[in-house]
$ cat structure-v6.cif   # mmCIF, C-alpha atoms
data_model
#
loop_
_atom_site.group_PDB
_atom_site.id
_atom_site.type_symbol
_atom_site.label_atom_id
_atom_site.label_comp_id
_atom_site.auth_asym_id
_atom_site.auth_seq_id
_atom_site.Cartn_x
_atom_site.Cartn_y
_atom_site.Cartn_z
ATOM 1 C CA MET E 1 5.772 -4.831 -20.403
ATOM 2 C CA SER E 2 2.636 -3.009 -21.503
ATOM 3 C CA ASP E 3 2.371 0.688 -22.331
ATOM 4 C CA LYS E 4 0.552 1.229 -19.041
ATOM 5 C CA LYS E 5 2.376 2.454 -15.957
ATOM 6 C CA GLU E 6 2.548 -0.243 -13.312
ATOM 7 C CA ILE E 7 1.098 -0.347 -9.838
ATOM 8 C CA LEU E 8 3.046 -2.884 -7.815
ATOM 9 C CA LEU E 9 1.058 -4.733 -5.161
ATOM 10 C CA VAL E 10 3.359 -6.264 -2.542
ATOM 11 C CA LEU E 11 1.967 -9.600 -1.386
ATOM 12 C CA THR E 12 2.810 -11.703 1.639
ATOM 13 C CA ASP E 13 1.234 -14.859 2.969
ATOM 14 C CA LYS E 14 -2.141 -14.113 4.574
ATOM 15 C CA TRP E 15 -2.446 -10.726 2.848
ATOM 16 C CA CYS E 16 -5.667 -8.716 3.269
ATOM 17 C CA ASP E 17 -7.392 -9.154 -0.071
ATOM 18 C CA TRP E 18 -9.993 -6.426 0.462
ATOM 19 C CA GLU E 19 -7.725 -3.546 1.470
ATOM 20 C CA ALA E 20 -6.411 -2.714 -1.997
ATOM 21 C CA SER E 21 -9.281 -4.215 -3.970
ATOM 22 C CA TYR E 22 -10.844 -0.856 -4.906
ATOM 23 C CA VAL E 23 -7.543 0.498 -6.187
ATOM 24 C CA CYS E 24 -6.619 -2.642 -8.109
ATOM 25 C CA ALA E 25 -9.988 -3.126 -9.781
ATOM 26 C CA VAL E 26 -10.473 0.490 -10.849
ATOM 27 C CA ALA E 27 -6.862 1.165 -11.861
ATOM 28 C CA ASN E 28 -6.404 -2.060 -13.816
ATOM 29 C CA SER E 29 -9.806 -1.975 -15.549
ATOM 30 C CA TYR E 30 -10.545 1.687 -16.173
ATOM 31 C CA LEU E 31 -7.339 3.678 -15.911
ATOM 32 C CA GLU E 32 -4.009 3.764 -17.696
ATOM 33 C CA TYR E 33 -2.375 1.534 -15.100
ATOM 34 C CA SER E 34 -1.555 -2.136 -14.934
ATOM 35 C CA VAL E 35 -1.589 -3.830 -11.527
ATOM 36 C CA LYS E 36 1.233 -6.333 -11.006
ATOM 37 C CA THR E 37 2.048 -8.435 -7.967
ATOM 38 C CA ILE E 38 5.489 -8.601 -6.407
ATOM 39 C CA ALA E 39 6.821 -10.727 -3.538
ATOM 40 C CA VAL E 40 10.004 -12.114 -2.009
ATOM 41 C CA ASP E 41 9.635 -15.243 -4.160
ATOM 42 C CA GLN E 42 7.527 -16.582 -7.042
ATOM 43 C CA ASN E 43 5.289 -18.799 -4.894
ATOM 44 C CA PRO E 44 1.593 -17.853 -5.040
ATOM 45 C CA LYS E 45 0.454 -15.952 -1.958
ATOM 46 C CA VAL E 46 -2.781 -16.999 -0.276
ATOM 47 C CA SER E 47 -4.879 -14.205 1.198
ATOM 48 C CA MET E 48 -6.845 -14.140 4.425
ATOM 49 C CA GLY E 49 -9.890 -14.906 2.269
ATOM 50 C CA ASN E 50 -8.132 -17.967 0.790
ATOM 51 C CA ILE E 51 -7.538 -16.357 -2.603
ATOM 52 C CA ALA E 52 -4.312 -17.596 -4.175
ATOM 53 C CA ALA E 53 -2.593 -14.874 -6.170
ATOM 54 C CA ALA E 54 0.098 -15.545 -8.745
ATOM 55 C CA ILE E 55 3.248 -13.456 -8.415
ATOM 56 C CA ASP E 56 4.378 -11.422 -11.422
ATOM 57 C CA TYR E 57 7.755 -10.310 -10.080
ATOM 58 C CA ASN E 58 10.338 -11.467 -7.576
ATOM 59 C CA MET E 59 11.751 -8.526 -5.574
ATOM 60 C CA ALA E 60 15.303 -9.819 -5.794
ATOM 61 C CA ASP E 61 15.166 -9.590 -9.603
ATOM 62 C CA TYR E 62 13.334 -6.258 -9.841
ATOM 63 C CA ASN E 63 15.709 -3.407 -10.698
ATOM 64 C CA ASP E 64 14.001 -1.144 -13.253
ATOM 65 C CA PHE E 65 11.604 1.271 -11.553
ATOM 66 C CA SER E 66 11.063 3.508 -14.591
ATOM 67 C CA ASP E 67 7.490 2.315 -15.235
ATOM 68 C CA VAL E 68 6.349 2.115 -11.597
ATOM 69 C CA ALA E 69 3.660 4.613 -10.580
ATOM 70 C CA ILE E 70 3.200 3.478 -6.960
ATOM 71 C CA VAL E 71 3.901 0.534 -4.661
ATOM 72 C CA ILE E 72 1.043 -0.663 -2.434
ATOM 73 C CA LEU E 73 1.410 -2.788 0.698
ATOM 74 C CA THR E 74 -1.774 -4.320 2.070
ATOM 75 C CA GLY E 75 -2.182 -5.461 5.631
ATOM 76 C CA GLY E 76 -2.256 -9.082 6.607
ATOM 77 C CA LEU E 77 -1.554 -11.531 9.359
ATOM 78 C CA SER E 78 2.093 -12.167 8.525
ATOM 79 C CA TRP E 79 3.454 -8.628 9.076
ATOM 80 C CA ASP E 80 3.696 -9.356 12.809
ATOM 81 C CA GLU E 81 5.112 -12.841 12.261
ATOM 82 C CA GLN E 82 8.124 -11.892 10.123
ATOM 83 C CA ASP E 83 10.583 -9.016 9.824
ATOM 84 C CA TYR E 84 10.574 -9.129 6.006
ATOM 85 C CA ASP E 85 14.042 -7.644 5.612
ATOM 86 C CA ASP E 86 13.850 -8.371 1.857
ATOM 87 C CA ILE E 87 10.704 -6.277 1.582
ATOM 88 C CA ALA E 88 12.298 -3.487 3.633
ATOM 89 C CA LYS E 89 15.284 -3.447 1.271
ATOM 90 C CA PHE E 90 12.922 -3.291 -1.727
ATOM 91 C CA ILE E 91 10.890 -0.443 -0.201
ATOM 92 C CA ARG E 92 14.120 1.471 0.473
ATOM 93 C CA SER E 93 14.903 1.190 -3.262
ATOM 94 C CA VAL E 94 11.387 2.368 -4.096
ATOM 95 C CA VAL E 95 11.704 5.404 -1.815
ATOM 96 C CA ASP E 96 15.213 6.135 -3.128
ATOM 97 C CA ASN E 97 13.699 6.213 -6.630
ATOM 98 C CA ASN E 98 11.078 8.765 -5.496
ATOM 99 C CA ILE E 99 8.202 6.379 -6.118
ATOM 100 C CA PRO E 100 5.162 6.771 -3.855
ATOM 101 C CA VAL E 101 4.438 4.045 -1.295
ATOM 102 C CA ALA E 102 0.969 3.322 0.093
ATOM 103 C CA ALA E 103 0.457 1.099 3.144
ATOM 104 C CA ILE E 104 -2.652 0.114 5.059
ATOM 105 C CA CYS E 105 -3.303 -1.758 8.305
ATOM 106 C CA GLY E 106 -0.500 -4.143 9.322
ATOM 107 C CA ALA E 107 1.730 -2.878 6.530
ATOM 108 C CA THR E 108 1.903 0.500 8.293
ATOM 109 C CA THR E 109 3.226 -1.298 11.373
ATOM 110 C CA PHE E 110 5.883 -2.881 9.166
ATOM 111 C CA LEU E 111 6.854 0.540 7.775
ATOM 112 C CA CYS E 112 7.086 2.022 11.263
ATOM 113 C CA ARG E 113 9.199 -0.888 12.541
ATOM 114 C CA GLN E 114 11.560 -0.417 9.581
ATOM 115 C CA GLY E 115 11.949 3.327 10.238
ATOM 116 C CA PHE E 116 10.093 4.569 7.159
ATOM 117 C CA LEU E 117 7.612 6.622 9.220
ATOM 118 C CA ASN E 118 10.040 8.352 11.561
ATOM 119 C CA ASN E 119 10.239 11.522 9.433
ATOM 120 C CA VAL E 120 6.842 11.740 7.698
ATOM 121 C CA LYS E 121 3.338 12.438 8.936
ATOM 122 C CA HIS E 122 1.500 9.135 9.168
ATOM 123 C CA THR E 123 -1.286 7.075 10.662
ATOM 124 C CA GLY E 124 -1.999 3.420 11.314
ATOM 125 C CA ASP E 125 -4.066 1.202 13.547
ATOM 126 C CA SER E 126 -2.926 2.964 16.752
ATOM 127 C CA LEU E 127 -0.130 5.084 18.157
ATOM 128 C CA GLU E 128 0.254 2.605 21.013
ATOM 129 C CA LEU E 129 0.895 -0.196 18.547
ATOM 130 C CA PHE E 130 3.547 1.873 16.796
ATOM 131 C CA GLN E 131 5.189 2.841 20.080
ATOM 132 C CA SER E 132 5.640 -0.846 20.875
ATOM 133 C CA GLN E 133 7.734 -1.370 17.713
ATOM 134 C CA LYS E 134 11.529 -1.279 17.803
ATOM 135 C CA GLY E 135 12.913 1.307 15.405
ATOM 136 C CA TYR E 136 9.982 3.722 15.716
ATOM 137 C CA SER E 137 10.645 7.308 16.762
ATOM 138 C CA GLY E 138 7.936 9.150 14.812
ATOM 139 C CA GLU E 139 5.417 9.677 17.647
ATOM 140 C CA SER E 140 5.278 13.436 17.104
ATOM 141 C CA LEU E 141 4.273 12.883 13.444
ATOM 142 C CA TYR E 142 1.508 10.360 14.137
ATOM 143 C CA ILE E 143 -1.971 11.665 13.242
ATOM 144 C CA PRO E 144 -5.093 9.835 14.468
ATOM 145 C CA ALA E 145 -6.853 9.778 11.087
ATOM 146 C CA GLN E 146 -8.221 7.353 8.533
ATOM 147 C CA VAL E 147 -5.549 8.242 5.970
ATOM 148 C CA VAL E 148 -2.496 10.503 5.985
ATOM 149 C CA VAL E 149 -0.471 11.553 2.931
ATOM 150 C CA ASP E 150 2.968 13.078 3.333
ATOM 151 C CA GLN E 151 6.113 13.189 1.208
ATOM 152 C CA GLY E 152 4.949 10.460 -1.174
ATOM 153 C CA ILE E 153 3.880 8.056 1.576
ATOM 154 C CA ILE E 154 0.229 7.169 2.120
ATOM 155 C CA THR E 155 -0.715 5.433 5.353
ATOM 156 C CA ALA E 156 -4.156 4.201 6.384
ATOM 157 C CA ASN E 157 -5.718 2.360 9.264
ATOM 158 C CA GLU E 158 -7.478 -0.971 8.868
ATOM 159 C CA THR E 159 -10.949 0.560 8.393
ATOM 160 C CA ALA E 160 -10.001 2.960 5.603
ATOM 161 C CA ALA E 161 -10.004 0.947 2.353
ATOM 162 C CA VAL E 162 -12.221 3.463 0.524
ATOM 163 C CA GLN E 163 -10.283 6.511 1.725
ATOM 164 C CA PHE E 164 -7.018 4.680 0.978
ATOM 165 C CA ALA E 165 -8.100 4.123 -2.631
ATOM 166 C CA TYR E 166 -9.271 7.724 -2.963
ATOM 167 C CA GLU E 167 -5.921 9.126 -1.829
ATOM 168 C CA ILE E 168 -4.078 6.791 -4.210
ATOM 169 C CA PHE E 169 -6.302 7.934 -7.079
ATOM 170 C CA LYS E 170 -5.552 11.571 -6.200
ATOM 171 C CA LEU E 171 -1.826 10.863 -6.058
ATOM 172 C CA LEU E 172 -2.041 9.165 -9.469
ATOM 173 C CA LYS E 173 -3.827 12.293 -10.728
ATOM 174 C CA VAL E 174 -6.980 10.498 -11.780
ATOM 175 C CA ASP E 175 -9.660 12.996 -12.935
ATOM 176 C CA ASP E 176 -10.863 14.915 -9.853
ATOM 177 C CA GLY E 177 -14.526 14.876 -10.869
ATOM 178 C CA VAL E 178 -14.529 11.142 -11.474
ATOM 179 C CA THR E 179 -12.696 10.318 -8.250
ATOM 180 C CA ALA E 180 -14.824 12.669 -6.147
ATOM 181 C CA THR E 181 -18.004 11.009 -7.442
ATOM 182 C CA TRP E 182 -16.510 7.550 -6.939
ATOM 183 C CA TYR E 183 -15.477 8.413 -3.376
ATOM 184 C CA ASP E 184 -18.871 9.877 -2.515
ATOM 185 C CA ASN E 185 -20.682 6.775 -3.814
ATOM 186 C CA PHE E 186 -18.432 4.217 -2.137
ATOM 187 C CA LYS E 187 -18.115 6.131 1.140
ATOM 188 C CA ASN E 188 -21.703 7.270 1.507
ATOM 189 C CA GLY E 189 -23.654 4.851 -0.673
ATOM 190 C CA ALA E 190 -25.348 5.262 -4.034
ATOM 191 C CA ILE E 191 -28.833 5.315 -2.451
ATOM 192 C CA ARG E 192 -29.419 7.918 0.231
#
$ encode --input "structure-v6.cif" --output "structure tokens"
Amino acid sequence: MSDKKEILLVLTDKWCDWEASYVCAVANSYLEYSVKTIAVDQNPKVSMGNIAAAIDYNMADYNDFSDVAIVILTGGLSWDEQDYDDIAKFIRSVVDNNIPVAAICGATTFLCRQGFLNNVKHTGDSLELFQSQKGYSGESLYIPAQVVVDQGIITANETAAVQFAYEIFKLLKVDDGVTATWYDNFKNGAIR
């Protein structure tokens, strides 16, 4: 393991490769973090864009959370196709270890179905979608917003990749001036 704190990127088949791309590229290249992939097995996961990603860690074998800064779940087409009980068990361990969790798009639906959003303020692709999920009782805490941060859980809707990254950077305590400039450029454009 390197001296850098790790950001664990949970991958499933048909994962959304663009939704965590800002976070992964900036954190791994310019910050004191190392992005590592984790999945329910060691088989490479192919994204919606047909990018095959190698898996660094198998969830079943991952027990030491001491170097984990945050766990990120991207959206993807398979969240609705599978229950992913193994991933739910892993995320419960992450939460029990007081490690922040960030989810975007379909991964927020997974979190709501598994009960992780019943007691925290949150957002996702729609309240109606969440209400159709068994195990969800957090309607009163749903906020129609691009991104919501509460109690170490970041949730974002499918159109919020830039805001999602920005909130993760803030949670990781990346320099405020640098992140504010980055956010302004990527949200509003460098040429105005």
$ resolve_selection --input "structure-v6.cif" --expression "the PyMOL selection byres ((chain E and resi 27) around 12)" --output "NGL selection string"
:E and (4-9 or 20-26 or 28-36 or 69-70 or 165-166 or 168-170 or 172-174 or 179)
$ closest_residue --input "structure-v6.cif" --among "E:Asp64, E:Asp83, E:Glu139, E:Asp125" --to "Arg113 (chain E)" --atoms "all atoms listed in the file"
E:Asp83
$ closest_residue --input "structure-v6.cif" --among "E:Gly152, E:Phe164, E:Ala102, E:Leu171" --to "Lys187 (chain E)" --atoms "only C-alpha atoms"
E:Phe164
$ closest_residue --input "structure-v6.cif" --among "E:Asp67, E:Asp176, E:Glu19, E:Asp184" --to "Ala107 (chain E)" --atoms "all atoms listed in the file"
E:Glu19
$ closest_residue --input "structure-v6.cif" --among "E:Thr159, E:Asn97, E:Thr74, E:Asn188" --to "Thr109 (chain E)" --atoms "all atoms listed in the file"
E:Thr74
$ atom_distance --input "structure-v6.cif" --atom1 "CA of Asn98 (chain E)" --atom2 "CA of Lys134 (chain E)"
25.4 Å
$ closest_residue --input "structure-v6.cif" --among "E:Asn50, E:Gln163, E:Gln82, E:Leu117" --to "Tyr142 (chain E)" --atoms "only C-alpha atoms"
E:Leu117
$ resolve_selection --input "structure-v6.cif" --expression "the PyMOL selection byres ((chain E and resi 41) around 12)" --output "number ranges by chain"
E: 10-13, 37-40, 42-45, 54-62, 84, 86-87
$ atom_distance --input "structure-v6.cif" --atom1 "CA of Cys112 (chain E)" --atom2 "CA of Phe130 (chain E)"
6.6 Å
$ closest_residue --input "structure-v6.cif" --among "E:Val162, E:Val71, E:Ala190, E:Ala180" --to "Val95 (chain E)" --atoms "all atoms listed in the file"
E:Val71
$ build_atoms --input "structure-v6.cif" --residues "region 72-95 of chain E" --atoms "N, CA and C atoms" --output "short mmCIF file (atom, residue, chain, number, x, y, z; two decimals), keeping the file's coordinate frame"
data_model
loop_
_atom_site.label_atom_id
_atom_site.label_comp_id
_atom_site.auth_asym_id
_atom_site.auth_seq_id
_atom_site.Cartn_x
_atom_site.Cartn_y
_atom_site.Cartn_z
N ILE E 72 2.08 -0.54 -3.47
CA ILE E 72 1.04 -0.66 -2.43
C ILE E 72 1.33 -1.88 -1.57
N LEU E 73 1.27 -1.69 -0.26
CA LEU E 73 1.41 -2.79 0.70
C LEU E 73 0.09 -2.92 1.45
N THR E 74 -0.55 -4.08 1.31
CA THR E 74 -1.77 -4.32 2.07
C THR E 74 -1.42 -4.88 3.44
N GLY E 75 -2.37 -4.84 4.32
CA GLY E 75 -2.18 -5.46 5.63
C GLY E 75 -2.18 -6.97 5.49
N GLY E 76 -2.24 -7.63 6.62
CA GLY E 76 -2.26 -9.08 6.61
C GLY E 76 -1.72 -9.63 7.90
N LEU E 77 -1.92 -10.90 8.09
CA LEU E 77 -1.55 -11.53 9.36
C LEU E 77 -0.06 -11.81 9.50
N SER E 78 0.68 -11.79 8.42
CA SER E 78 2.09 -12.17 8.52
C SER E 78 3.04 -11.01 8.84
N TRP E 79 2.57 -9.76 8.79
CA TRP E 79 3.45 -8.63 9.08
C TRP E 79 4.01 -8.70 10.50
N ASP E 80 3.23 -9.22 11.42
CA ASP E 80 3.70 -9.36 12.81
C ASP E 80 4.51 -10.62 13.04
N GLU E 81 4.44 -11.55 12.10
CA GLU E 81 5.11 -12.84 12.26
C GLU E 81 6.53 -12.84 11.70
N GLN E 82 6.82 -11.91 10.79
CA GLN E 82 8.12 -11.89 10.12
C GLN E 82 8.66 -10.47 10.03
N ASP E 83 9.97 -10.34 9.97
CA ASP E 83 10.58 -9.02 9.82
C ASP E 83 10.56 -8.53 8.38
N TYR E 84 10.59 -9.46 7.43
CA TYR E 84 10.57 -9.13 6.01
C TYR E 84 11.68 -8.14 5.63
N ASP E 85 12.91 -8.49 5.97
CA ASP E 85 14.04 -7.64 5.61
C ASP E 85 14.16 -7.46 4.10
N ASP E 86 13.81 -8.49 3.32
CA ASP E 86 13.85 -8.37 1.86
C ASP E 86 12.86 -7.32 1.36
N ILE E 87 11.70 -7.28 1.98
CA ILE E 87 10.70 -6.28 1.58
C ILE E 87 11.19 -4.89 2.00
N ALA E 88 11.77 -4.78 3.18
CA ALA E 88 12.30 -3.49 3.63
C ALA E 88 13.36 -2.97 2.67
N LYS E 89 14.24 -3.84 2.22
CA LYS E 89 15.28 -3.45 1.27
C LYS E 89 14.65 -2.96 -0.04
N PHE E 90 13.62 -3.68 -0.51
CA PHE E 90 12.92 -3.29 -1.73
C PHE E 90 12.25 -1.93 -1.56
N ILE E 91 11.57 -1.73 -0.43
CA ILE E 91 10.89 -0.44 -0.20
C ILE E 91 11.91 0.69 -0.11
N ARG E 92 13.07 0.44 0.45
CA ARG E 92 14.12 1.47 0.47
C ARG E 92 14.50 1.88 -0.95
N SER E 93 14.61 0.89 -1.85
CA SER E 93 14.90 1.19 -3.26
C SER E 93 13.78 2.00 -3.89
N VAL E 94 12.55 1.65 -3.57
CA VAL E 94 11.39 2.37 -4.10
C VAL E 94 11.44 3.83 -3.65
N VAL E 95 11.63 4.05 -2.36
CA VAL E 95 11.70 5.40 -1.82
C VAL E 95 12.89 6.16 -2.41
#
